[in-house]
Amino acid sequence: PPFAMDYIADNIHNLDEEELLKTLSKYKNTSLYVIADPLNIDKSQDITAEQIKSILNALKKTFSYIVIDIGTNIDTKTITALNNSDLILLIAIVNLPAIRSTQRCMELFEKLGYPADKIKLVLNRYMENEDIKTSDIEEVVKQKVYWKIPNNYLTMMSAINKGVPVSEINPEANIAINYKDFASKISDYLITQKLNKNYNKRELNI
């Protein structure tokens with residue numbers, strides 16, 4: 001990509017909407033844009049939490065949806081991203097170490113004061129008849145499971161290796177259908193939340 005996150009971070013206050021779009025990498029002939037990671041890992045470390053906040057504020061003026069993959073490390077930058085998010089999708093797989101990590105995340109989110117409805121627990125690579133039941137996970141982490149993504153290793157690996165969405169590999173695959181339904185559910189939820197916020201603001205103004 002011609003530009004990466006470090007360039008955007010350093011110049012965000014000087015970029016208007018049109019210039020901002022030019023710094024992003026567009027995926028084929030779609031309305032999906034990606035912010036590329038810096039080629040040099042040292043430059044990633046130089047990006048500050050304040051710059052992350054400025055970038056998100058700028059992106060919110062242009063895009064309806066912003067998806068951030070923060071990985072597994074929690075620091076001031078990832079917490080800034082979480083603080084400025086409308087929704088947190090906490091991804092877990094069904095095994096004891098992952099469930100324990102999920103429990104720690106929930107404890108952290110509680111300390112940060114996040115409302116319960118901001119966090120949605122998603123089980124990835126889920127298979128029916130797991131040794132650990134969904135109800136057991138919910139009891140341990142004190143959070144209802146919001147969504148289950150089925151385990152479909154062959155389709156996912158084919159999509160990853162070819163660099164295309166799973167729907168291009170096999171639109172009838174269970175995981176491709178699952179992703180579409182998941183996106184629809186999240187979209188409906190966020191739209192409803194926004195309408196409720198606007199309605200409450202209108203009531204206060206009256």
# chains A, B, ... in the order shown; residues from 1 in each chain; ligands from 1
>>> residues_around(residues="stretch 64-72 of chain A", least_positions_apart="5", cutoff="8 Å", atoms="only C-alpha atoms", output="VMD selection string")
chain A and resid 59 78 81
>>> write_last_selection(atoms="C-alpha atoms", output="mmCIF file, in the first residue's frame")
data_model
loop_
_atom_site.group_PDB
_atom_site.id
_atom_site.type_symbol
_atom_site.label_atom_id
_atom_site.label_comp_id
_atom_site.auth_asym_id
_atom_site.auth_seq_id
_atom_site.Cartn_x
_atom_site.Cartn_y
_atom_site.Cartn_z
ATOM 1 C CA LEU A 59 -13.117 7.786 10.216
ATOM 2 C CA THR A 78 -6.157 -0.876 22.497
ATOM 3 C CA ALA A 81 -9.964 1.829 20.685
#
>>> residues_around(residues="stretch 137-139 of chain A", least_positions_apart="4", cutoff="12 Å", atoms="only C-alpha atoms", output="mmCIF file with N, CA, C and O atoms, in the first residue's frame")
data_model
loop_
_atom_site.group_PDB
_atom_site.id
_atom_site.type_symbol
_atom_site.label_atom_id
_atom_site.label_comp_id
_atom_site.auth_asym_id
_atom_site.auth_seq_id
_atom_site.Cartn_x
_atom_site.Cartn_y
_atom_site.Cartn_z
ATOM 1 N N ALA A 92 -14.035 -15.951 21.507
ATOM 2 C CA ALA A 92 -13.475 -17.031 22.320
ATOM 3 C C ALA A 92 -13.677 -18.359 21.601
ATOM 4 O O ALA A 92 -14.573 -18.506 20.767
ATOM 5 N N ILE A 93 -12.815 -19.318 21.905
ATOM 6 C CA ILE A 93 -13.031 -20.686 21.456
ATOM 7 C C ILE A 93 -13.325 -21.537 22.675
ATOM 8 O O ILE A 93 -13.072 -21.127 23.810
ATOM 9 N N VAL A 94 -13.853 -22.723 22.440
ATOM 10 C CA VAL A 94 -14.332 -23.531 23.558
ATOM 11 C C VAL A 94 -13.228 -24.463 24.057
ATOM 12 O O VAL A 94 -13.138 -25.631 23.672
ATOM 13 N N ASN A 95 -12.356 -23.909 24.889
ATOM 14 C CA ASN A 95 -11.421 -24.730 25.662
ATOM 15 C C ASN A 95 -11.102 -23.971 26.942
ATOM 16 O O ASN A 95 -11.347 -22.761 27.041
ATOM 17 N N LEU A 96 -10.569 -24.641 27.918
ATOM 18 C CA LEU A 96 -10.402 -24.049 29.250
ATOM 19 C C LEU A 96 -9.475 -22.830 29.270
ATOM 20 O O LEU A 96 -9.820 -21.814 29.883
ATOM 21 N N PRO A 97 -8.285 -22.868 28.625
ATOM 22 C CA PRO A 97 -7.428 -21.671 28.644
ATOM 23 C C PRO A 97 -8.107 -20.459 28.019
ATOM 24 O O PRO A 97 -7.987 -19.336 28.536
ATOM 25 N N ALA A 98 -8.823 -20.662 26.902
ATOM 26 C CA ALA A 98 -9.493 -19.547 26.233
ATOM 27 C C ALA A 98 -10.625 -18.992 27.097
ATOM 28 O O ALA A 98 -10.836 -17.775 27.163
ATOM 29 N N ILE A 99 -11.333 -19.870 27.769
ATOM 30 C CA ILE A 99 -12.435 -19.423 28.626
ATOM 31 C C ILE A 99 -11.890 -18.623 29.808
ATOM 32 O O ILE A 99 -12.476 -17.607 30.209
ATOM 33 N N ARG A 100 -10.749 -19.054 30.333
ATOM 34 C CA ARG A 100 -10.127 -18.315 31.441
ATOM 35 C C ARG A 100 -9.693 -16.927 30.968
ATOM 36 O O ARG A 100 -9.892 -15.930 31.684
ATOM 37 N N SER A 101 -9.123 -16.839 29.761
ATOM 38 C CA SER A 101 -8.730 -15.541 29.206
ATOM 39 C C SER A 101 -9.951 -14.654 28.987
ATOM 40 O O SER A 101 -9.905 -13.442 29.231
ATOM 41 N N THR A 102 -11.038 -15.259 28.544
ATOM 42 C CA THR A 102 -12.286 -14.517 28.339
ATOM 43 C C THR A 102 -12.801 -13.964 29.660
ATOM 44 O O THR A 102 -13.271 -12.829 29.746
ATOM 45 N N GLN A 103 -12.695 -14.770 30.702
ATOM 46 C CA GLN A 103 -13.116 -14.337 32.044
ATOM 47 C C GLN A 103 -12.295 -13.124 32.494
ATOM 48 O O GLN A 103 -12.847 -12.165 33.041
ATOM 49 N N MET A 106 -13.485 -10.025 30.676
ATOM 50 C CA MET A 106 -14.745 -9.535 31.224
ATOM 51 C C MET A 106 -14.504 -8.777 32.526
ATOM 52 O O MET A 106 -15.155 -7.757 32.789
ATOM 53 N N LYS A 120 -20.338 -8.230 23.396
ATOM 54 C CA LYS A 120 -21.027 -9.391 22.840
ATOM 55 C C LYS A 120 -20.038 -10.551 22.748
ATOM 56 O O LYS A 120 -18.990 -10.433 22.114
ATOM 57 N N LEU A 121 -20.371 -11.644 23.404
ATOM 58 C CA LEU A 121 -19.495 -12.817 23.426
ATOM 59 C C LEU A 121 -19.772 -13.696 22.210
ATOM 60 O O LEU A 121 -20.906 -14.127 21.979
ATOM 61 N N VAL A 122 -18.707 -13.952 21.434
ATOM 62 C CA VAL A 122 -18.824 -14.738 20.206
ATOM 63 C C VAL A 122 -17.943 -15.970 20.319
ATOM 64 O O VAL A 122 -16.746 -15.862 20.604
ATOM 65 N N LEU A 123 -18.531 -17.146 20.098
ATOM 66 C CA LEU A 123 -17.763 -18.392 20.111
ATOM 67 C C LEU A 123 -17.314 -18.711 18.690
ATOM 68 O O LEU A 123 -18.143 -18.844 17.787
ATOM 69 N N GLU A 130 -19.817 -30.203 22.037
ATOM 70 C CA GLU A 130 -18.552 -29.922 22.718
ATOM 71 C C GLU A 130 -18.610 -30.471 24.140
ATOM 72 O O GLU A 130 -19.675 -30.581 24.752
ATOM 73 N N ASP A 131 -17.433 -30.818 24.682
ATOM 74 C CA ASP A 131 -17.394 -31.290 26.068
ATOM 75 C C ASP A 131 -17.839 -30.201 27.032
ATOM 76 O O ASP A 131 -18.482 -30.471 28.050
ATOM 77 N N ILE A 132 -17.468 -28.961 26.699
ATOM 78 C CA ILE A 132 -17.873 -27.824 27.532
ATOM 79 C C ILE A 132 -19.137 -27.217 26.924
ATOM 80 O O ILE A 132 -19.149 -26.818 25.754
ATOM 81 N N LYS A 133 -20.175 -27.126 27.693
ATOM 82 C CA LYS A 133 -21.457 -26.614 27.197
ATOM 83 C C LYS A 133 -21.480 -25.088 27.188
ATOM 84 O O LYS A 133 -20.775 -24.437 27.966
ATOM 85 N N GLN A 143 -21.627 -13.889 31.137
ATOM 86 C CA GLN A 143 -22.046 -13.184 29.922
ATOM 87 C C GLN A 143 -22.722 -14.185 28.995
ATOM 88 O O GLN A 143 -22.232 -15.295 28.799
ATOM 89 N N LYS A 144 -23.868 -13.799 28.447
ATOM 90 C CA LYS A 144 -24.575 -14.660 27.503
ATOM 91 C C LYS A 144 -23.796 -14.746 26.187
ATOM 92 O O LYS A 144 -23.182 -13.765 25.758
ATOM 93 N N VAL A 145 -23.835 -15.902 25.556
ATOM 94 C CA VAL A 145 -23.219 -16.061 24.235
ATOM 95 C C VAL A 145 -24.115 -15.377 23.212
ATOM 96 O O VAL A 145 -25.304 -15.678 23.103
ATOM 97 N N TYR A 146 -23.535 -14.443 22.470
ATOM 98 C CA TYR A 146 -24.278 -13.648 21.489
ATOM 99 C C TYR A 146 -24.362 -14.350 20.136
ATOM 100 O O TYR A 146 -25.374 -14.271 19.444
#
>>> select_by_dssp(residues="stretch 1-100 of chain A", states="alpha helix (DSSP H)", output="VMD selection string")
chain A and resid 5 to 11 17 to 23 41 to 46 49 to 60 76 to 83 96 to 100
>>> residues_around(residues="stretch 11-19 of chain A", least_positions_apart="5", cutoff="12 Å", atoms="only C-alpha atoms", output="PyMOL selection string")
chain A and resi 3-6+24+47+50-63
>>> residues_around(residues="stretch 148-155 of chain A", least_positions_apart="6", cutoff="10 Å", atoms="only C-alpha atoms", output="MDAnalysis selection string")
chainID A and resid 91:93 121:128 134 165:167 169:170 173:176 178:179 182
